[in-house]
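Student: Sharing protein_39.cif below, mmCIF, C-alpha atoms:
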```cif
data_target
#
loop_
_atom_site.label_atom_id
_atom_site.label_comp_id
_atom_site.auth_asym_id
_atom_site.auth_seq_id
_atom_site.Cartn_x
_atom_site.Cartn_y
_atom_site.Cartn_z
CA MET A 1 0.70 -7.36 -15.70
CA ALA A 2 0.91 -3.71 -16.81
CA VAL A 3 3.28 -1.30 -15.09
CA ILE A 4 1.40 1.94 -14.43
CA MET A 5 4.20 3.78 -12.66
CA GLU A 6 7.62 2.97 -11.32
CA ASN A 7 10.35 4.92 -9.60
CA GLU A 8 13.07 4.34 -7.03
CA TYR A 9 10.56 4.03 -4.16
CA PHE A 10 7.72 1.96 -5.57
CA ARG A 11 6.20 0.06 -8.45
CA LEU A 12 2.51 0.24 -9.32
CA THR A 13 1.05 -2.47 -11.55
CA VAL A 14 -2.34 -3.68 -12.67
CA ASP A 15 -3.04 -7.34 -13.27
CA GLU A 16 -6.18 -7.33 -15.41
CA PRO A 17 -6.94 -11.08 -15.33
CA GLU A 18 -6.75 -11.17 -11.52
CA GLY A 19 -8.27 -7.73 -11.04
CA ILE A 20 -5.50 -6.69 -8.67
CA VAL A 21 -3.67 -3.39 -8.41
CA ARG A 22 -0.27 -3.95 -6.77
CA TYR A 23 1.69 -1.31 -4.94
CA THR A 24 5.16 -2.67 -4.18
CA ARG A 25 7.47 -0.61 -1.99
CA SER A 26 11.23 -0.72 -2.65
CA PRO A 27 13.88 -1.05 0.08
CA LEU A 28 15.06 2.53 -0.48
CA ALA A 29 14.23 4.76 2.49
CA PHE A 30 12.47 8.06 1.91
CA PRO A 31 14.94 10.79 2.91
CA SER A 32 12.14 12.86 4.44
CA ALA A 33 8.40 12.95 5.02
CA ALA A 34 8.16 15.66 2.33
CA VAL A 35 9.68 13.33 -0.27
CA ALA A 36 7.32 10.56 0.86
CA ARG A 37 4.34 12.92 0.54
CA ASP A 38 5.35 14.01 -2.98
CA ASP A 39 5.93 10.43 -4.04
CA LEU A 40 2.62 9.26 -2.61
CA ARG A 41 0.84 12.10 -4.41
CA GLN A 42 2.30 10.79 -7.66
CA LEU A 43 1.01 7.34 -6.75
CA VAL A 44 -2.49 8.69 -6.09
CA ALA A 45 -2.43 10.58 -9.39
CA ALA A 46 -1.39 7.38 -11.20
CA THR A 47 -4.39 5.52 -9.76
CA ARG A 48 -6.94 8.17 -10.78
CA GLY A 49 -7.42 6.49 -14.14
CA ILE A 50 -8.21 3.15 -12.51
CA SER A 51 -11.81 2.24 -11.71
CA ARG A 52 -10.98 1.23 -8.16
CA HIS A 53 -14.32 -0.45 -7.51
CA HIS A 54 -13.38 -3.04 -10.15
CA TYR A 55 -10.06 -3.93 -8.48
CA SER A 56 -8.58 -5.21 -5.26
CA LEU A 57 -5.41 -3.63 -3.86
CA LEU A 58 -2.32 -5.51 -2.72
CA THR A 59 0.14 -3.31 -0.85
CA ASP A 60 3.49 -5.08 -0.56
CA VAL A 61 5.71 -3.42 2.04
CA ARG A 62 7.91 -6.43 2.78
CA ASP A 63 11.03 -4.65 1.56
CA ALA A 64 10.16 -1.19 2.89
CA PRO A 65 12.45 0.13 5.60
CA GLY A 66 10.64 0.51 8.91
CA ARG A 67 9.72 4.03 10.00
CA ASN A 68 7.72 5.25 12.91
CA ASP A 69 8.65 8.92 13.22
CA GLU A 70 5.77 11.35 13.71
CA ASP A 71 6.26 13.30 10.44
CA PHE A 72 6.22 10.16 8.34
CA GLU A 73 3.23 8.62 10.12
CA SER A 74 1.21 11.84 9.90
CA THR A 75 1.98 12.03 6.17
CA LEU A 76 0.63 8.51 5.69
CA ALA A 77 -2.39 9.24 7.86
CA SER A 78 -3.27 12.37 5.87
CA MET A 79 -3.20 10.43 2.60
CA GLN A 80 -4.76 7.12 3.63
CA HIS A 81 -8.14 7.81 2.03
CA ASP A 82 -6.63 8.95 -1.27
CA LEU A 83 -4.35 5.93 -1.34
CA PHE A 84 -6.66 3.13 -0.25
CA ASP A 85 -10.35 3.98 -0.48
CA GLY A 86 -12.57 2.64 -3.22
CA PHE A 87 -10.95 -0.74 -3.86
CA LYS A 88 -13.13 -3.87 -3.60
CA LYS A 89 -10.72 -5.51 -1.15
CA ARG A 90 -7.38 -4.57 0.34
CA ALA A 91 -4.52 -6.70 1.59
CA ILE A 92 -1.19 -5.68 3.02
CA LEU A 93 1.81 -7.94 2.67
CA VAL A 94 4.46 -7.65 5.42
CA LYS A 95 7.69 -9.50 6.13
CA SER A 96 7.22 -10.31 9.81
CA ALA A 97 5.01 -10.27 12.88
CA VAL A 98 6.59 -6.92 13.80
CA GLY A 99 5.42 -5.51 10.46
CA ARG A 100 1.93 -6.87 11.11
CA LEU A 101 1.85 -5.17 14.51
CA GLN A 102 2.97 -1.86 12.98
CA VAL A 103 0.25 -1.95 10.31
CA GLU A 104 -2.39 -2.89 12.86
CA ARG A 105 -1.26 -0.13 15.25
CA LEU A 106 -1.44 2.51 12.53
CA ALA A 107 -4.95 1.37 11.54
CA ARG A 108 -6.12 1.55 15.16
CA GLU A 109 -4.64 5.00 15.68
CA ARG A 110 -6.26 6.32 12.49
CA ARG A 111 -9.54 4.64 13.34
CA ALA A 112 -9.31 3.00 9.93
CA PRO A 113 -11.00 -0.27 9.09
CA ALA A 114 -8.98 -3.27 10.21
CA ALA A 115 -6.42 -4.14 7.57
CA ASN A 116 -6.12 -7.62 6.17
CA VAL A 117 -2.44 -8.25 6.80
CA PHE A 118 -0.52 -11.25 5.51
CA GLU A 119 3.03 -12.54 5.70
CA MET A 120 2.67 -14.93 2.76
CA GLY A 121 1.99 -13.62 -0.74
CA LYS A 122 -0.10 -16.65 -1.70
CA ASP A 123 -2.39 -16.06 1.28
CA ALA A 124 -2.87 -12.39 0.37
CA ILE A 125 -3.67 -13.26 -3.25
CA ALA A 126 -6.07 -16.03 -2.18
CA TYR A 127 -7.91 -13.54 0.05
CA LEU A 128 -8.15 -10.95 -2.73
CA LEU A 129 -9.40 -13.47 -5.28
CA ALA A 130 -11.97 -15.08 -2.96
#
```
Output the file's structure in the form of structure tokens.
Tutor:
Amino acid sequence: MAVIMENEYFRLTVDEPEGIVRYTRSPLAFPSAAVARDDLRQLVAATRGISRHHYSLLTDVRDAPGRNDEDFESTLASMQHDLFDGFKKRAILVKSAVGRLQVERLARERRAPAANVFEMGKDAIAYLLA
């Protein structure tokens, strides 16, 4: 597994044999929506060299602190296409049913395709490899 980018908020890796790009969120809270936006822009820039259509994306937010303030959610909404589009398959890994509900609510509100949300890492990987 190759580390493409890593900082205090996330780790981005590529697993060539599995064909999976992994975005793993750390437990450190973003101090503001502006910091989140800047950090997510760095993430998008780091994925520009990846042929997304050859990879699946696993977004692991199990350790991410929960946020539902308007500034933060609008930041995520404005960047969703840059962050997620183009991958063969996408799976989101959450810690609990509450996390699943949050991800599903955000997808509905953004009129985004239904997310494939999992609470078990092995289930998410199995889905992405199938």
Student: For region 116-123 of chain A, find every residue with an atom within 12 Å (counting only C-alpha atoms), except residues of its own chain fewer than 4 positions away, and show them as a ChimeraX atom specification.
Tutor: /A:22,24,56-63,89-105,107,112,127-130
Student: Keeping only C-alpha atoms, write the selected residues as a compact mmCIF listing (two decimals), in the coordinates of the input.
Tutor:
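So the final result, stored in out.txt, reads:
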```txt
# COMPACT_ATOMS: atom_id res chain seq x y z
CA ARG A 22 -0.27 -3.95 -6.77
CA THR A 24 5.16 -2.67 -4.18
CA SER A 56 -8.58 -5.21 -5.26
CA LEU A 57 -5.41 -3.63 -3.86
CA LEU A 58 -2.32 -5.51 -2.72
CA THR A 59 0.14 -3.31 -0.85
CA ASP A 60 3.49 -5.08 -0.56
CA VAL A 61 5.71 -3.42 2.04
CA ARG A 62 7.91 -6.43 2.78
CA ASP A 63 11.03 -4.65 1.56
CA LYS A 89 -10.72 -5.51 -1.15
CA ARG A 90 -7.38 -4.57 0.34
CA ALA A 91 -4.52 -6.70 1.59
CA ILE A 92 -1.19 -5.68 3.02
CA LEU A 93 1.81 -7.94 2.67
CA VAL A 94 4.46 -7.65 5.42
CA LYS A 95 7.69 -9.50 6.13
CA SER A 96 7.22 -10.31 9.81
CA ALA A 97 5.01 -10.27 12.88
CA VAL A 98 6.59 -6.92 13.80
CA GLY A 99 5.42 -5.51 10.46
CA ARG A 100 1.93 -6.87 11.11
CA LEU A 101 1.85 -5.17 14.51
CA GLN A 102 2.97 -1.86 12.98
CA VAL A 103 0.25 -1.95 10.31
CA GLU A 104 -2.39 -2.89 12.86
CA ARG A 105 -1.26 -0.13 15.25
CA ALA A 107 -4.95 1.37 11.54
CA ALA A 112 -9.31 3.00 9.93
CA TYR A 127 -7.91 -13.54 0.05
CA LEU A 128 -8.15 -10.95 -2.73
CA LEU A 129 -9.40 -13.47 -5.28
CA ALA A 130 -11.97 -15.08 -2.96
```
Student: Counting only C-alpha atoms, figure out which residue out of A:Arg52, A:Val14, A:Ile20, A:Gly86 gets nearest to Met1 (chain A).
Tutor: A:Val14
Student: When the PyMOL selection byres ((chain A and resi 10) around 9) is applied to the file above, which residues end up in the set, as a PyMOL selection string?
Tutor: chain A and resi 5-9+11-12+23-28+39+43
Student: Give me the residues near His53 (chain A) as a list of chain:residue names, where near means some atom within 7 Å (using only C-alpha atoms) and where sequence neighbours in that chain fewer than 2 positions away do not count.
Tutor: A:Ser51, A:Tyr55, A:Gly86, A:Phe87, A:Lys88
Student: Find the residue from A:Ala124, A:Ile50, A:Asp85, A:Asn68 that sits nearest to Thr13 (chain A); use all atoms listed in the file when measuring.
Tutor: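 Answer, going by the shortest atom-to-atom distance: A:Ile50.
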Student: Name the residues that the PyMOL selection byres ((chain A and resi 75) around 10) pulls out of this structure, and write them as a CSV table (one decimal) with C-alpha atoms, in the coordinates of the input.
Tutor:
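The new file result-v3.csv reads:
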```
chain,number,residue,atom,x,y,z
A,33,ALA,CA,8.4,13.0,5.0
A,34,ALA,CA,8.2,15.7,2.3
A,36,ALA,CA,7.3,10.6,0.9
A,37,ARG,CA,4.3,12.9,0.5
A,38,ASP,CA,5.4,14.0,-3.0
A,40,LEU,CA,2.6,9.3,-2.6
A,70,GLU,CA,5.8,11.4,13.7
A,71,ASP,CA,6.3,13.3,10.4
A,72,PHE,CA,6.2,10.2,8.3
A,73,GLU,CA,3.2,8.6,10.1
A,74,SER,CA,1.2,11.8,9.9
A,76,LEU,CA,0.6,8.5,5.7
A,77,ALA,CA,-2.4,9.2,7.9
A,78,SER,CA,-3.3,12.4,5.9
A,79,MET,CA,-3.2,10.4,2.6
A,80,GLN,CA,-4.8,7.1,3.6
```
Student: In Å, how far is it from CA of Arg110 (chain A) to CA of Asp15 (chain A)?
Tutor: 29.3 Å
Student: Find the residue from A:Val21, A:Val3, A:Leu106, A:Leu83 that sits nearest to Val44 (chain A); use all atoms listed in the file when measuring.
Tutor: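 For Val44 (chain A), the nearest of the given residues is A:Leu83.
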Student: If you measure from CA of Glu18 (chain A) to CA of Thr47 (chain A), what distance in Å do you get, rounded to one decimal?
Tutor: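 Going from CA of Glu18 (chain A) over to CA of Thr47 (chain A) covers 16.9 Å.
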Student: Please indicate the distance in Å from CA of Ala126 (chain A) to CA of Ile4 (chain A), rounded to one decimal place.
Tutor: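 Result for CA of Ala126 (chain A) versus CA of Ile4 (chain A): 23.0 Å, one decimal.
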Student: Taking all atoms listed in the file into account, name the residue in A:Arg108, A:Arg48, A:Phe30, A:Gly19 that is nearest to Phe84 (chain A).
Tutor: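 Result for the nearest residue to Phe84 (chain A): A:Arg48.
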